[in-house]
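Working notes, beginning with the structure itself.
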Amino acid sequence: MEMQNEDGKRKTNKKDSDEGKDMLDREEYTLRKRLPPRLPKRKNDVYISRRVHFQAQLKRCQKLLDSGNEVYIHGLGAAINRAINVALQLKENGRGTVEVSAYTSTVDLADDLEPDNDDDEPEVSHRNNSAVHIKVYRPDLPSTAKSKDGQ
């Protein structure tokens with residue numbers, strides 16, 4: 001069961017687990033979500049979030065696409081829809097010159113459970129979350145198409 005206290009922190013009540021741990025009947029913990037692990041940061045990687053304005057993220061991706069002909073867009077959890085929307089907007093703005101390649105993954109996330117009283121030990125909770133990774137790029141034109149355009 002989760003609830004928020006007056007500080008805006010999430011609290012969770014834990015009951016006895018079946019794993020044989022010796023715990024009190026209803027311990028209260030403060031839930032602190034850790035940052036997700038990130039892929040190596042390249043100059044053309046963009047991590048989409050729901051906190052930054054959509055148009056700002058779109059403009060940043062467009063600049064990277066224009067300067068390097070490819071951009072990698074990453075979205076995690078609730079930001080997956082936004083990441084897909086950014087990629088589709090880039091494709092639409094490219095007017096047929098931009099392609100999209102996407103794959104999904106599952107990311108292991110860890111949360112810290114900090115006890116409200118000093119007698120209990122802190123714990124770590126693990127959970128999985130979905131992620132999407134989208135490559136937006138301008139494909140190379142085949143050499144036959146280049147020679148026909150040049151004639």
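Ordering of the structure tokens sets the chain letters (A, B, ...), residue numbers begin anew at 1 in every chain, and ligands are numbered from 1 in the order given.
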*Excluding A:Asp112 and residues on its chain fewer than 5 positions from it, collect all residues at most 7 Å away from it, counting only C-alpha atoms, and give them as a list in words.*
Leu31, Arg32, Lys33, Glu123, Val124 and Ser125 of chain A
Requested write-out: all heavy atoms of the selected residues, as a PDB file, in the first residue's frame:
ATOM      1  N   LEU A  31       9.831   5.653   0.061  1.00  0.00           N
ATOM      2  CA  LEU A  31      10.285   5.148  -1.223  1.00  0.00           C
ATOM      3  C   LEU A  31      11.058   6.239  -1.958  1.00  0.00           C
ATOM      4  O   LEU A  31      10.552   7.327  -2.182  1.00  0.00           O
ATOM      5  CB  LEU A  31       9.081   4.715  -2.066  1.00  0.00           C
ATOM      6  CG  LEU A  31       9.374   4.223  -3.474  1.00  0.00           C
ATOM      7  CD1 LEU A  31      10.159   2.920  -3.413  1.00  0.00           C
ATOM      8  CD2 LEU A  31       8.090   4.025  -4.238  1.00  0.00           C
ATOM      9  N   ARG A  32      12.300   5.960  -2.311  1.00  0.00           N
ATOM     10  CA  ARG A  32      13.128   6.881  -3.098  1.00  0.00           C
ATOM     11  C   ARG A  32      13.540   6.159  -4.370  1.00  0.00           C
ATOM     12  O   ARG A  32      14.281   5.177  -4.321  1.00  0.00           O
ATOM     13  CB  ARG A  32      14.360   7.309  -2.317  1.00  0.00           C
ATOM     14  CG  ARG A  32      14.027   8.075  -1.064  1.00  0.00           C
ATOM     15  CD  ARG A  32      15.179   8.989  -0.701  1.00  0.00           C
ATOM     16  NE  ARG A  32      14.942   9.590   0.592  1.00  0.00           N
ATOM     17  CZ  ARG A  32      14.305  10.744   0.762  1.00  0.00           C
ATOM     18  NH1 ARG A  32      13.842  11.388  -0.265  1.00  0.00           N
ATOM     19  NH2 ARG A  32      14.135  11.241   1.969  1.00  0.00           N
ATOM     20  N   LYS A  33      13.062   6.669  -5.498  1.00  0.00           N
ATOM     21  CA  LYS A  33      13.376   6.047  -6.779  1.00  0.00           C
ATOM     22  C   LYS A  33      14.763   6.482  -7.245  1.00  0.00           C
ATOM     23  O   LYS A  33      15.064   7.662  -7.275  1.00  0.00           O
ATOM     24  CB  LYS A  33      12.333   6.427  -7.822  1.00  0.00           C
ATOM     25  CG  LYS A  33      10.974   5.851  -7.512  1.00  0.00           C
ATOM     26  CD  LYS A  33       9.996   6.143  -8.604  1.00  0.00           C
ATOM     27  CE  LYS A  33       8.670   5.472  -8.306  1.00  0.00           C
ATOM     28  NZ  LYS A  33       7.727   5.632  -9.394  1.00  0.00           N
ATOM     29  N   GLU A 123      16.191  -1.027   2.706  1.00  0.00           N
ATOM     30  CA  GLU A 123      16.071  -2.127   1.750  1.00  0.00           C
ATOM     31  C   GLU A 123      16.086  -1.582   0.334  1.00  0.00           C
ATOM     32  O   GLU A 123      15.883  -0.396   0.112  1.00  0.00           O
ATOM     33  CB  GLU A 123      14.778  -2.905   1.993  1.00  0.00           C
ATOM     34  CG  GLU A 123      14.739  -3.619   3.324  1.00  0.00           C
ATOM     35  CD  GLU A 123      13.490  -4.464   3.480  1.00  0.00           C
ATOM     36  OE1 GLU A 123      12.889  -4.841   2.446  1.00  0.00           O
ATOM     37  OE2 GLU A 123      13.127  -4.746   4.621  1.00  0.00           O
ATOM     38  N   VAL A 124      16.311  -2.475  -0.612  1.00  0.00           N
ATOM     39  CA  VAL A 124      16.292  -2.118  -2.032  1.00  0.00           C
ATOM     40  C   VAL A 124      15.228  -2.965  -2.712  1.00  0.00           C
ATOM     41  O   VAL A 124      15.170  -4.179  -2.525  1.00  0.00           O
ATOM     42  CB  VAL A 124      17.669  -2.357  -2.693  1.00  0.00           C
ATOM     43  CG1 VAL A 124      17.608  -2.072  -4.173  1.00  0.00           C
ATOM     44  CG2 VAL A 124      18.736  -1.508  -2.027  1.00  0.00           C
ATOM     45  N   SER A 125      14.388  -2.300  -3.483  1.00  0.00           N
ATOM     46  CA  SER A 125      13.340  -2.984  -4.236  1.00  0.00           C
ATOM     47  C   SER A 125      13.678  -2.903  -5.724  1.00  0.00           C
ATOM     48  O   SER A 125      14.060  -1.841  -6.219  1.00  0.00           O
ATOM     49  CB  SER A 125      11.998  -2.301  -3.951  1.00  0.00           C
ATOM     50  OG  SER A 125      11.008  -2.801  -4.800  1.00  0.00           O
TER      51      SER A 125
END
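Residue neighbourhood of A:Ala83, excluding near-sequence residues (fewer than 3 positions): Ile48, Ile73, His74, Gly75, Ala79, Ile80, Val86 and Ala87 of chain A, at 7 Å, using only C-alpha atoms.
The helix (DSSP H, G or I) portion of stretch 80-138 of chain A consists of Ile80, Asn81, Arg82, Ala83, Ile84, Asn85, Val86, Ala87, Leu88, Gln89, Leu90, Lys91, Glu92 and Asn93 of chain A, with states taken from DSSP on the backbone.
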Could you please take those selected residues and save N, CA and C atoms as a short mmCIF file (atom, residue, chain, number, x, y, z; two decimals), in the first residue's frame?
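Saved to out_30.cif:
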data_model
loop_
_atom_site.label_atom_id
_atom_site.label_comp_id
_atom_site.auth_asym_id
_atom_site.auth_seq_id
_atom_site.Cartn_x
_atom_site.Cartn_y
_atom_site.Cartn_z
N ILE A 80 7.63 6.76 -23.18
CA ILE A 80 7.68 5.99 -24.43
C ILE A 80 6.79 6.65 -25.49
N ASN A 81 5.58 7.02 -25.13
CA ASN A 81 4.67 7.65 -26.10
C ASN A 81 5.27 8.93 -26.65
N ARG A 82 5.86 9.73 -25.80
CA ARG A 82 6.46 10.99 -26.23
C ARG A 82 7.65 10.73 -27.15
N ALA A 83 8.47 9.73 -26.85
CA ALA A 83 9.61 9.40 -27.70
C ALA A 83 9.14 8.98 -29.09
N ILE A 84 8.09 8.18 -29.15
CA ILE A 84 7.54 7.76 -30.44
C ILE A 84 6.98 8.95 -31.19
N ASN A 85 6.30 9.85 -30.50
CA ASN A 85 5.75 11.04 -31.14
C ASN A 85 6.86 11.94 -31.71
N VAL A 86 7.96 12.09 -30.98
CA VAL A 86 9.09 12.89 -31.47
C VAL A 86 9.64 12.27 -32.75
N ALA A 87 9.83 10.95 -32.75
CA ALA A 87 10.36 10.26 -33.93
C ALA A 87 9.42 10.41 -35.12
N LEU A 88 8.13 10.27 -34.91
CA LEU A 88 7.16 10.39 -36.00
C LEU A 88 7.08 11.82 -36.53
N GLN A 89 7.22 12.80 -35.65
CA GLN A 89 7.25 14.20 -36.10
C GLN A 89 8.47 14.47 -36.96
N LEU A 90 9.62 13.92 -36.56
CA LEU A 90 10.84 14.09 -37.36
C LEU A 90 10.68 13.44 -38.73
N LYS A 91 10.05 12.27 -38.76
CA LYS A 91 9.82 11.59 -40.04
C LYS A 91 8.88 12.40 -40.92
N GLU A 92 7.83 12.93 -40.34
CA GLU A 92 6.87 13.73 -41.10
C GLU A 92 7.51 15.02 -41.62
N ASN A 93 8.32 15.66 -40.79
CA ASN A 93 9.01 16.89 -41.20
C ASN A 93 10.06 16.63 -42.28
#
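Distance check against A:Thr30 using only C-alpha atoms: of A:Ser105, A:Gln55, A:Asn117, A:Asn69, the minimum falls on A:Asn117.
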